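Source file: data-v4.txt (compact mmCIF, N, CA and C atoms)
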```txt
# COMPACT_ATOMS: atom_id res chain seq x y z
N MET A 1 7.19 32.57 27.91
CA MET A 1 6.30 33.65 27.52
C MET A 1 4.99 33.04 27.07
N LYS A 2 3.90 33.51 27.63
CA LYS A 2 2.58 33.01 27.26
C LYS A 2 2.22 33.51 25.87
N GLY A 3 1.27 32.79 25.27
CA GLY A 3 0.84 33.15 23.92
C GLY A 3 0.30 34.56 23.82
N SER A 4 -0.46 35.00 24.84
CA SER A 4 -1.03 36.35 24.79
C SER A 4 0.07 37.40 24.88
N ASP A 5 1.12 37.13 25.69
CA ASP A 5 2.25 38.06 25.78
C ASP A 5 2.99 38.13 24.45
N LEU A 6 3.14 36.97 23.82
CA LEU A 6 3.83 36.92 22.53
C LEU A 6 3.07 37.73 21.50
N LEU A 7 1.77 37.55 21.47
CA LEU A 7 0.97 38.30 20.50
C LEU A 7 1.00 39.79 20.77
N PHE A 8 0.98 40.20 22.05
CA PHE A 8 1.07 41.62 22.38
C PHE A 8 2.40 42.18 21.90
N ASN A 9 3.50 41.49 22.20
CA ASN A 9 4.82 41.98 21.79
C ASN A 9 4.93 42.03 20.28
N LEU A 10 4.40 41.03 19.60
CA LEU A 10 4.44 41.03 18.14
C LEU A 10 3.65 42.22 17.59
N ARG A 11 2.46 42.42 18.11
CA ARG A 11 1.63 43.52 17.64
C ARG A 11 2.27 44.87 17.96
N TYR A 12 2.82 45.02 19.15
CA TYR A 12 3.45 46.27 19.56
C TYR A 12 4.65 46.59 18.67
N ASN A 13 5.49 45.60 18.42
CA ASN A 13 6.69 45.84 17.63
C ASN A 13 6.38 46.08 16.16
N VAL A 14 5.40 45.35 15.61
CA VAL A 14 5.06 45.53 14.21
C VAL A 14 4.44 46.91 13.99
N SER A 15 3.63 47.37 14.94
CA SER A 15 2.97 48.67 14.75
C SER A 15 3.98 49.81 14.76
N ARG A 16 5.17 49.57 15.25
CA ARG A 16 6.20 50.60 15.27
C ARG A 16 7.31 50.36 14.25
N ALA A 17 7.06 49.43 13.37
CA ALA A 17 8.04 49.15 12.32
C ALA A 17 8.14 50.36 11.39
N PRO A 18 9.34 50.69 10.93
CA PRO A 18 9.51 51.88 10.07
C PRO A 18 8.61 51.87 8.85
N TRP A 19 8.46 50.73 8.20
CA TRP A 19 7.62 50.69 7.00
C TRP A 19 6.16 50.95 7.34
N ALA A 20 5.71 50.55 8.52
CA ALA A 20 4.32 50.77 8.90
C ALA A 20 4.09 52.24 9.21
N LEU A 21 5.05 52.88 9.87
CA LEU A 21 4.89 54.28 10.24
C LEU A 21 4.98 55.19 9.01
N GLU A 22 5.92 54.87 8.10
CA GLU A 22 6.11 55.71 6.92
C GLU A 22 4.89 55.67 6.02
N ARG A 23 4.30 54.52 5.88
CA ARG A 23 3.19 54.37 4.95
C ARG A 23 1.84 54.53 5.62
N GLY A 24 1.86 54.71 6.93
CA GLY A 24 0.59 54.87 7.63
C GLY A 24 -0.23 53.59 7.63
N VAL A 25 0.43 52.48 7.66
CA VAL A 25 -0.27 51.20 7.62
C VAL A 25 -0.86 50.94 8.99
N GLY A 26 -2.16 51.04 9.10
CA GLY A 26 -2.82 50.81 10.38
C GLY A 26 -3.29 49.38 10.56
N ARG A 27 -3.42 48.64 9.48
CA ARG A 27 -3.95 47.29 9.57
C ARG A 27 -2.85 46.23 9.64
N ALA A 28 -1.62 46.62 9.49
CA ALA A 28 -0.53 45.65 9.52
C ALA A 28 -0.44 44.91 10.85
N PRO A 29 -0.59 45.58 11.98
CA PRO A 29 -0.52 44.84 13.26
C PRO A 29 -1.60 43.78 13.37
N ARG A 30 -2.80 44.10 12.90
CA ARG A 30 -3.89 43.12 12.99
C ARG A 30 -3.61 41.92 12.10
N ALA A 31 -3.14 42.17 10.91
CA ALA A 31 -2.85 41.07 9.99
C ALA A 31 -1.74 40.19 10.54
N CYS A 32 -0.72 40.82 11.09
CA CYS A 32 0.38 40.04 11.66
C CYS A 32 -0.07 39.27 12.89
N THR A 33 -0.93 39.89 13.69
CA THR A 33 -1.44 39.22 14.88
C THR A 33 -2.27 38.01 14.48
N LEU A 34 -3.11 38.15 13.48
CA LEU A 34 -3.92 37.03 13.02
C LEU A 34 -3.03 35.92 12.45
N GLY A 35 -2.01 36.32 11.73
CA GLY A 35 -1.08 35.32 11.18
C GLY A 35 -0.34 34.58 12.29
N ALA A 36 0.08 35.34 13.30
CA ALA A 36 0.79 34.70 14.42
C ALA A 36 -0.14 33.77 15.18
N MET A 37 -1.41 34.16 15.34
CA MET A 37 -2.36 33.29 16.03
C MET A 37 -2.58 32.01 15.24
N ALA A 38 -2.65 32.11 13.94
CA ALA A 38 -2.84 30.92 13.11
C ALA A 38 -1.64 29.98 13.24
N LEU A 39 -0.45 30.55 13.24
CA LEU A 39 0.75 29.73 13.39
C LEU A 39 0.82 29.08 14.76
N LEU A 40 0.48 29.83 15.80
CA LEU A 40 0.51 29.28 17.15
C LEU A 40 -0.53 28.20 17.35
N SER A 41 -1.66 28.32 16.70
CA SER A 41 -2.69 27.30 16.86
C SER A 41 -2.26 25.98 16.26
N ALA A 42 -1.35 26.00 15.31
CA ALA A 42 -0.86 24.77 14.70
C ALA A 42 0.16 24.06 15.56
N CYS A 43 0.63 24.71 16.62
CA CYS A 43 1.66 24.12 17.47
C CYS A 43 1.13 23.16 18.50
N GLY A 44 -0.15 23.12 18.73
CA GLY A 44 -0.71 22.29 19.77
C GLY A 44 -0.76 20.82 19.38
N ASP A 45 -1.08 19.99 20.37
CA ASP A 45 -1.23 18.56 20.15
C ASP A 45 -2.70 18.31 19.85
N HIS A 46 -3.01 18.07 18.59
CA HIS A 46 -4.39 17.92 18.17
C HIS A 46 -4.72 16.45 17.96
N GLY A 47 -4.90 15.73 19.04
CA GLY A 47 -5.33 14.35 18.93
C GLY A 47 -4.26 13.39 18.48
N SER A 48 -3.03 13.58 18.89
CA SER A 48 -1.98 12.67 18.46
C SER A 48 -2.15 11.28 19.04
N ALA A 49 -3.01 11.14 20.06
CA ALA A 49 -3.24 9.82 20.64
C ALA A 49 -3.95 8.91 19.64
N SER A 50 -4.69 9.49 18.71
CA SER A 50 -5.40 8.67 17.73
C SER A 50 -4.51 8.27 16.57
N ARG A 51 -3.39 8.93 16.41
CA ARG A 51 -2.47 8.59 15.33
C ARG A 51 -1.47 7.56 15.81
N PRO A 52 -1.09 6.61 14.95
CA PRO A 52 -0.08 5.64 15.37
C PRO A 52 1.28 6.30 15.49
N SER A 53 2.07 5.82 16.40
CA SER A 53 3.41 6.35 16.60
C SER A 53 4.32 5.92 15.45
N ALA A 54 5.13 6.85 14.97
CA ALA A 54 6.05 6.52 13.88
C ALA A 54 7.09 5.52 14.32
N ALA A 55 7.40 5.49 15.61
CA ALA A 55 8.42 4.59 16.11
C ALA A 55 7.82 3.31 16.68
N ALA A 56 6.54 3.08 16.46
CA ALA A 56 5.90 1.88 16.99
C ALA A 56 6.50 0.65 16.32
N PRO A 57 6.74 -0.40 17.07
CA PRO A 57 7.29 -1.60 16.47
C PRO A 57 6.26 -2.25 15.56
N PRO A 58 6.71 -2.96 14.55
CA PRO A 58 5.77 -3.58 13.63
C PRO A 58 5.00 -4.71 14.30
N ALA A 59 3.83 -4.95 13.80
CA ALA A 59 3.04 -6.06 14.31
C ALA A 59 3.46 -7.31 13.55
N ALA A 60 4.67 -7.72 13.72
CA ALA A 60 5.22 -8.85 12.99
C ALA A 60 5.10 -10.11 13.82
N THR A 61 5.11 -11.22 13.11
CA THR A 61 5.05 -12.50 13.79
C THR A 61 6.44 -12.96 14.22
N VAL A 62 7.45 -12.32 13.70
CA VAL A 62 8.83 -12.68 14.01
C VAL A 62 9.33 -11.79 15.15
N ALA A 63 9.85 -12.42 16.17
CA ALA A 63 10.43 -11.65 17.28
C ALA A 63 11.93 -11.52 17.05
N LEU A 64 12.46 -10.38 17.44
CA LEU A 64 13.89 -10.15 17.28
C LEU A 64 14.62 -10.41 18.59
N SER A 65 15.83 -10.91 18.46
CA SER A 65 16.68 -11.04 19.64
C SER A 65 17.08 -9.64 20.09
N PRO A 66 17.52 -9.49 21.32
CA PRO A 66 17.95 -8.16 21.77
C PRO A 66 19.04 -7.56 20.88
N GLU A 67 19.93 -8.40 20.38
CA GLU A 67 21.01 -7.93 19.48
C GLU A 67 20.41 -7.37 18.19
N LEU A 68 19.48 -8.12 17.57
CA LEU A 68 18.87 -7.65 16.33
C LEU A 68 17.95 -6.47 16.57
N GLN A 69 17.31 -6.42 17.72
CA GLN A 69 16.47 -5.26 18.03
C GLN A 69 17.33 -4.00 18.10
N ALA A 70 18.53 -4.13 18.65
CA ALA A 70 19.45 -2.99 18.71
C ALA A 70 19.87 -2.56 17.31
N VAL A 71 20.11 -3.54 16.42
CA VAL A 71 20.47 -3.23 15.03
C VAL A 71 19.30 -2.52 14.35
N TYR A 72 18.09 -3.05 14.54
CA TYR A 72 16.90 -2.42 13.94
C TYR A 72 16.76 -0.98 14.43
N ASP A 73 16.92 -0.79 15.74
CA ASP A 73 16.76 0.55 16.31
C ASP A 73 17.81 1.52 15.80
N ARG A 74 19.02 1.05 15.55
CA ARG A 74 20.09 1.95 15.15
C ARG A 74 20.17 2.15 13.64
N SER A 75 19.70 1.18 12.85
CA SER A 75 19.85 1.28 11.39
C SER A 75 18.53 1.32 10.63
N CYS A 76 17.70 0.33 10.81
CA CYS A 76 16.49 0.18 9.99
C CYS A 76 15.40 1.18 10.35
N LYS A 77 15.22 1.39 11.63
CA LYS A 77 14.13 2.21 12.14
C LYS A 77 14.19 3.65 11.63
N ASN A 78 15.37 4.11 11.29
CA ASN A 78 15.53 5.50 10.84
C ASN A 78 14.72 5.78 9.58
N CYS A 79 14.47 4.77 8.76
CA CYS A 79 13.66 4.96 7.55
C CYS A 79 12.38 4.14 7.59
N HIS A 80 12.47 2.90 8.06
CA HIS A 80 11.33 1.99 8.01
C HIS A 80 10.31 2.22 9.11
N ALA A 81 10.51 3.22 9.95
CA ALA A 81 9.52 3.61 10.96
C ALA A 81 9.20 5.09 10.86
N VAL A 82 9.54 5.69 9.72
CA VAL A 82 9.30 7.12 9.51
C VAL A 82 8.43 7.28 8.26
N PRO A 83 7.14 7.53 8.46
CA PRO A 83 6.27 7.73 7.30
C PRO A 83 6.78 8.87 6.42
N GLY A 84 6.66 8.71 5.14
CA GLY A 84 7.11 9.74 4.21
C GLY A 84 8.56 9.60 3.80
N SER A 85 9.26 8.60 4.34
CA SER A 85 10.67 8.42 3.98
C SER A 85 10.83 7.73 2.64
N GLY A 86 9.75 7.11 2.16
CA GLY A 86 9.83 6.37 0.90
C GLY A 86 10.09 4.89 1.13
N ALA A 87 10.52 4.53 2.31
CA ALA A 87 10.78 3.13 2.64
C ALA A 87 9.48 2.47 3.08
N PRO A 88 9.31 1.18 2.76
CA PRO A 88 8.12 0.50 3.27
C PRO A 88 8.20 0.44 4.79
N GLN A 89 7.12 0.80 5.45
CA GLN A 89 7.11 0.84 6.91
C GLN A 89 7.09 -0.56 7.50
N SER A 90 7.77 -0.73 8.60
CA SER A 90 7.81 -2.02 9.27
C SER A 90 6.39 -2.43 9.65
N GLY A 91 6.04 -3.66 9.29
CA GLY A 91 4.72 -4.18 9.61
C GLY A 91 3.63 -3.79 8.63
N ASP A 92 3.94 -3.02 7.60
CA ASP A 92 2.94 -2.59 6.61
C ASP A 92 2.91 -3.62 5.48
N ALA A 93 2.11 -4.66 5.66
CA ALA A 93 2.06 -5.78 4.71
C ALA A 93 1.75 -5.34 3.28
N PRO A 94 0.78 -4.44 3.05
CA PRO A 94 0.51 -4.02 1.66
C PRO A 94 1.72 -3.35 1.00
N ALA A 95 2.49 -2.57 1.74
CA ALA A 95 3.66 -1.91 1.16
C ALA A 95 4.77 -2.91 0.88
N TRP A 96 4.87 -3.95 1.71
CA TRP A 96 5.91 -4.95 1.51
C TRP A 96 5.54 -6.00 0.46
N ALA A 97 4.26 -6.21 0.19
CA ALA A 97 3.81 -7.28 -0.70
C ALA A 97 4.51 -7.31 -2.06
N PRO A 98 4.58 -6.18 -2.79
CA PRO A 98 5.25 -6.25 -4.10
C PRO A 98 6.75 -6.53 -3.98
N ARG A 99 7.34 -6.12 -2.88
CA ARG A 99 8.77 -6.37 -2.68
C ARG A 99 9.02 -7.83 -2.34
N VAL A 100 8.17 -8.37 -1.46
CA VAL A 100 8.31 -9.78 -1.08
C VAL A 100 8.05 -10.67 -2.29
N ALA A 101 7.14 -10.26 -3.17
CA ALA A 101 6.82 -11.03 -4.37
C ALA A 101 8.03 -11.17 -5.30
N GLN A 102 8.96 -10.22 -5.23
CA GLN A 102 10.17 -10.30 -6.06
C GLN A 102 11.12 -11.39 -5.57
N GLY A 103 10.96 -11.78 -4.33
CA GLY A 103 11.80 -12.83 -3.76
C GLY A 103 12.85 -12.27 -2.82
N VAL A 104 13.25 -13.12 -1.90
CA VAL A 104 14.20 -12.70 -0.88
C VAL A 104 15.57 -12.36 -1.47
N ASP A 105 15.94 -13.02 -2.58
CA ASP A 105 17.24 -12.73 -3.19
C ASP A 105 17.31 -11.29 -3.70
N ILE A 106 16.22 -10.81 -4.29
CA ILE A 106 16.19 -9.42 -4.77
C ILE A 106 16.22 -8.47 -3.57
N LEU A 107 15.47 -8.79 -2.52
CA LEU A 107 15.49 -7.94 -1.33
C LEU A 107 16.89 -7.87 -0.73
N LEU A 108 17.58 -9.00 -0.69
CA LEU A 108 18.95 -9.00 -0.17
C LEU A 108 19.89 -8.23 -1.10
N GLU A 109 19.70 -8.37 -2.40
CA GLU A 109 20.53 -7.61 -3.36
C GLU A 109 20.34 -6.11 -3.14
N HIS A 110 19.08 -5.67 -2.97
CA HIS A 110 18.81 -4.25 -2.72
C HIS A 110 19.41 -3.82 -1.39
N THR A 111 19.39 -4.72 -0.41
CA THR A 111 19.97 -4.39 0.88
C THR A 111 21.48 -4.24 0.79
N PHE A 112 22.13 -5.16 0.09
CA PHE A 112 23.59 -5.11 -0.02
C PHE A 112 24.08 -3.94 -0.87
N ASN A 113 23.42 -3.71 -2.00
CA ASN A 113 23.89 -2.71 -2.95
C ASN A 113 23.24 -1.34 -2.78
N GLY A 114 22.16 -1.29 -2.03
CA GLY A 114 21.40 -0.05 -1.93
C GLY A 114 20.37 -0.03 -3.05
N TYR A 115 19.29 0.69 -2.82
CA TYR A 115 18.24 0.75 -3.83
C TYR A 115 17.47 2.05 -3.64
N LYS A 116 17.40 2.85 -4.67
CA LYS A 116 16.77 4.17 -4.61
C LYS A 116 17.38 4.96 -3.45
N SER A 117 16.61 5.28 -2.43
CA SER A 117 17.14 6.07 -1.31
C SER A 117 17.81 5.23 -0.23
N MET A 118 17.70 3.92 -0.34
CA MET A 118 18.27 3.05 0.69
C MET A 118 19.78 2.98 0.52
N PRO A 119 20.51 3.24 1.59
CA PRO A 119 21.98 3.18 1.49
C PRO A 119 22.46 1.74 1.38
N PRO A 120 23.62 1.52 0.77
CA PRO A 120 24.17 0.17 0.72
C PRO A 120 24.30 -0.41 2.12
N LEU A 121 24.02 -1.67 2.23
CA LEU A 121 24.05 -2.42 3.49
C LEU A 121 23.02 -1.90 4.48
N GLY A 122 22.08 -1.10 4.02
CA GLY A 122 21.02 -0.62 4.89
C GLY A 122 21.53 0.16 6.09
N ALA A 123 22.68 0.79 5.96
CA ALA A 123 23.32 1.57 7.03
C ALA A 123 23.79 0.69 8.19
N CYS A 124 23.90 -0.61 7.96
CA CYS A 124 24.43 -1.52 8.98
C CYS A 124 25.67 -2.18 8.39
N MET A 125 26.80 -1.58 8.65
CA MET A 125 28.05 -2.05 8.02
C MET A 125 28.59 -3.34 8.63
N ASP A 126 28.07 -3.74 9.79
CA ASP A 126 28.60 -4.94 10.44
C ASP A 126 27.60 -6.10 10.45
N CYS A 127 26.51 -6.00 9.70
CA CYS A 127 25.51 -7.07 9.66
C CYS A 127 25.92 -8.15 8.66
N ASN A 128 25.50 -9.37 8.93
CA ASN A 128 25.74 -10.46 7.98
C ASN A 128 24.42 -10.84 7.30
N GLU A 129 24.50 -11.74 6.34
CA GLU A 129 23.32 -12.10 5.55
C GLU A 129 22.20 -12.67 6.43
N LYS A 130 22.55 -13.47 7.40
CA LYS A 130 21.54 -14.06 8.30
C LYS A 130 20.79 -12.96 9.07
N GLN A 131 21.51 -11.96 9.51
CA GLN A 131 20.88 -10.85 10.23
C GLN A 131 19.98 -10.04 9.30
N TYR A 132 20.45 -9.81 8.07
CA TYR A 132 19.62 -9.08 7.11
C TYR A 132 18.33 -9.83 6.83
N ARG A 133 18.42 -11.15 6.65
CA ARG A 133 17.22 -11.96 6.41
C ARG A 133 16.24 -11.83 7.57
N ALA A 134 16.75 -11.92 8.79
CA ALA A 134 15.89 -11.83 9.96
C ALA A 134 15.25 -10.45 10.06
N LEU A 135 16.00 -9.42 9.74
CA LEU A 135 15.45 -8.06 9.80
C LEU A 135 14.40 -7.84 8.72
N ILE A 136 14.62 -8.39 7.53
CA ILE A 136 13.64 -8.29 6.45
C ILE A 136 12.36 -9.02 6.85
N GLU A 137 12.52 -10.22 7.43
CA GLU A 137 11.34 -10.98 7.89
C GLU A 137 10.57 -10.17 8.95
N TYR A 138 11.29 -9.57 9.85
CA TYR A 138 10.67 -8.79 10.92
C TYR A 138 9.90 -7.60 10.35
N MET A 139 10.53 -6.85 9.45
CA MET A 139 9.88 -5.65 8.92
C MET A 139 8.73 -5.98 7.97
N SER A 140 8.91 -7.03 7.16
CA SER A 140 7.86 -7.37 6.20
C SER A 140 6.76 -8.22 6.80
N GLY A 141 7.06 -8.92 7.90
CA GLY A 141 6.09 -9.80 8.51
C GLY A 141 5.94 -11.12 7.78
N VAL A 142 6.85 -11.40 6.83
CA VAL A 142 6.80 -12.62 6.03
C VAL A 142 8.07 -13.40 6.25
N SER A 143 7.92 -14.68 6.51
CA SER A 143 9.09 -15.54 6.73
C SER A 143 9.64 -15.99 5.38
N SER A 144 10.97 -15.85 5.18
CA SER A 144 11.60 -16.21 3.91
C SER A 144 11.98 -17.69 3.88
N LYS A 145 12.47 -18.23 4.96
CA LYS A 145 12.89 -19.63 5.09
C LYS A 145 13.72 -20.11 3.92
N ASN A 146 14.73 -19.29 3.56
CA ASN A 146 15.69 -19.70 2.50
C ASN A 146 17.02 -19.97 3.11
```
Rendering of file as C-alpha cells:
Amino acid sequence: MKGSDLLFNLRYNVSRAPWALERGVGRAPRACTLGAMALLSACGDHGSASRPSAAAPPAATVALSPELQAVYDRSCKNCHAVPGSGAPQSGDAPAWAPRVAQGVDILLEHTFNGYKSMPPLGACMDCNEKQYRALIEYMSGVSSKN
C-alpha cells in the first residue's frame, strides 16, 4: 500500500469514527493525517550512509583467526557492536582506555564473573582464558602481552 493510499484510508476511517461523529469533530481527520504523515516521514533512510555501521568490525591492530571471529560474531558483537548497549564498542579506544588502565587481570575478572550488564563469561560458555585475552585485545585495540 502506497503512503498516499494509507493516508486516505486513515483519514476516511477516522472521519467515520463514532467519537468523531457524535461530537461533530471535523478537525480530527486532519490532525490524524498530519500525525500519520509525520510518523511515515521518520521511516525513510535519511543519510544512513554517513553513519557508521553498528556491526562494523573494529579498527584494531589485532587480527582474529576465523575461529575467534566466529566467537566474536556470536557472543561479543551482540553488545560491543551495538551503540547504546552500555558496553564499550569494539575499536573505540577512548571508551576502552579507563578499562585497559585497570589492567588485563581486572578485565578478565569482569569477563569471567560478569560486570554490570555483561553476563558471566561474556556469553561464551566454551571460551578459555587465551581466547578471552585475544578477544579483549581485538575489541580494545590494545595488546596485553601477559
Distance query stretch 71-79 of chain A at most 6 Å, all atoms listed in the file, self and fewer than 4 positions along chain excluded, as a count of residues only: 6
Between atom CA of A:Lys130 and atom CA of A:Ala95 - distance in Å to one decimal: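 We find that atom CA of A:Ala95 and atom CA of A:Lys130 lie 22.8 Å from each other.
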Adding 8 Å on each side of the box along x, y and z that holds all listed atoms of stretch 129-141 of chain A, could you give its centre and edge lengths in Å to one decimal, as JSON?
```
{"center_x": 15.2, "center_y": -9.9, "center_z": 8.2, "size_x": 34.6, "size_y": 24.4, "size_z": 21.4}
```
Protein and nucleic acid residues near (19.0, -5.9, 5.0) (cut-off 7 Å, only N, CA and C atoms) as a list in words: Leu107, Leu108, His110, Thr111, Phe112, Leu121, Gly122, Gln131, Tyr132, Arg133, Leu135 and Ile136 of chain A
d(atom CA of A:Pro98, atom N of A:Pro83) in Å: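 So the answer is 18.7 Å.
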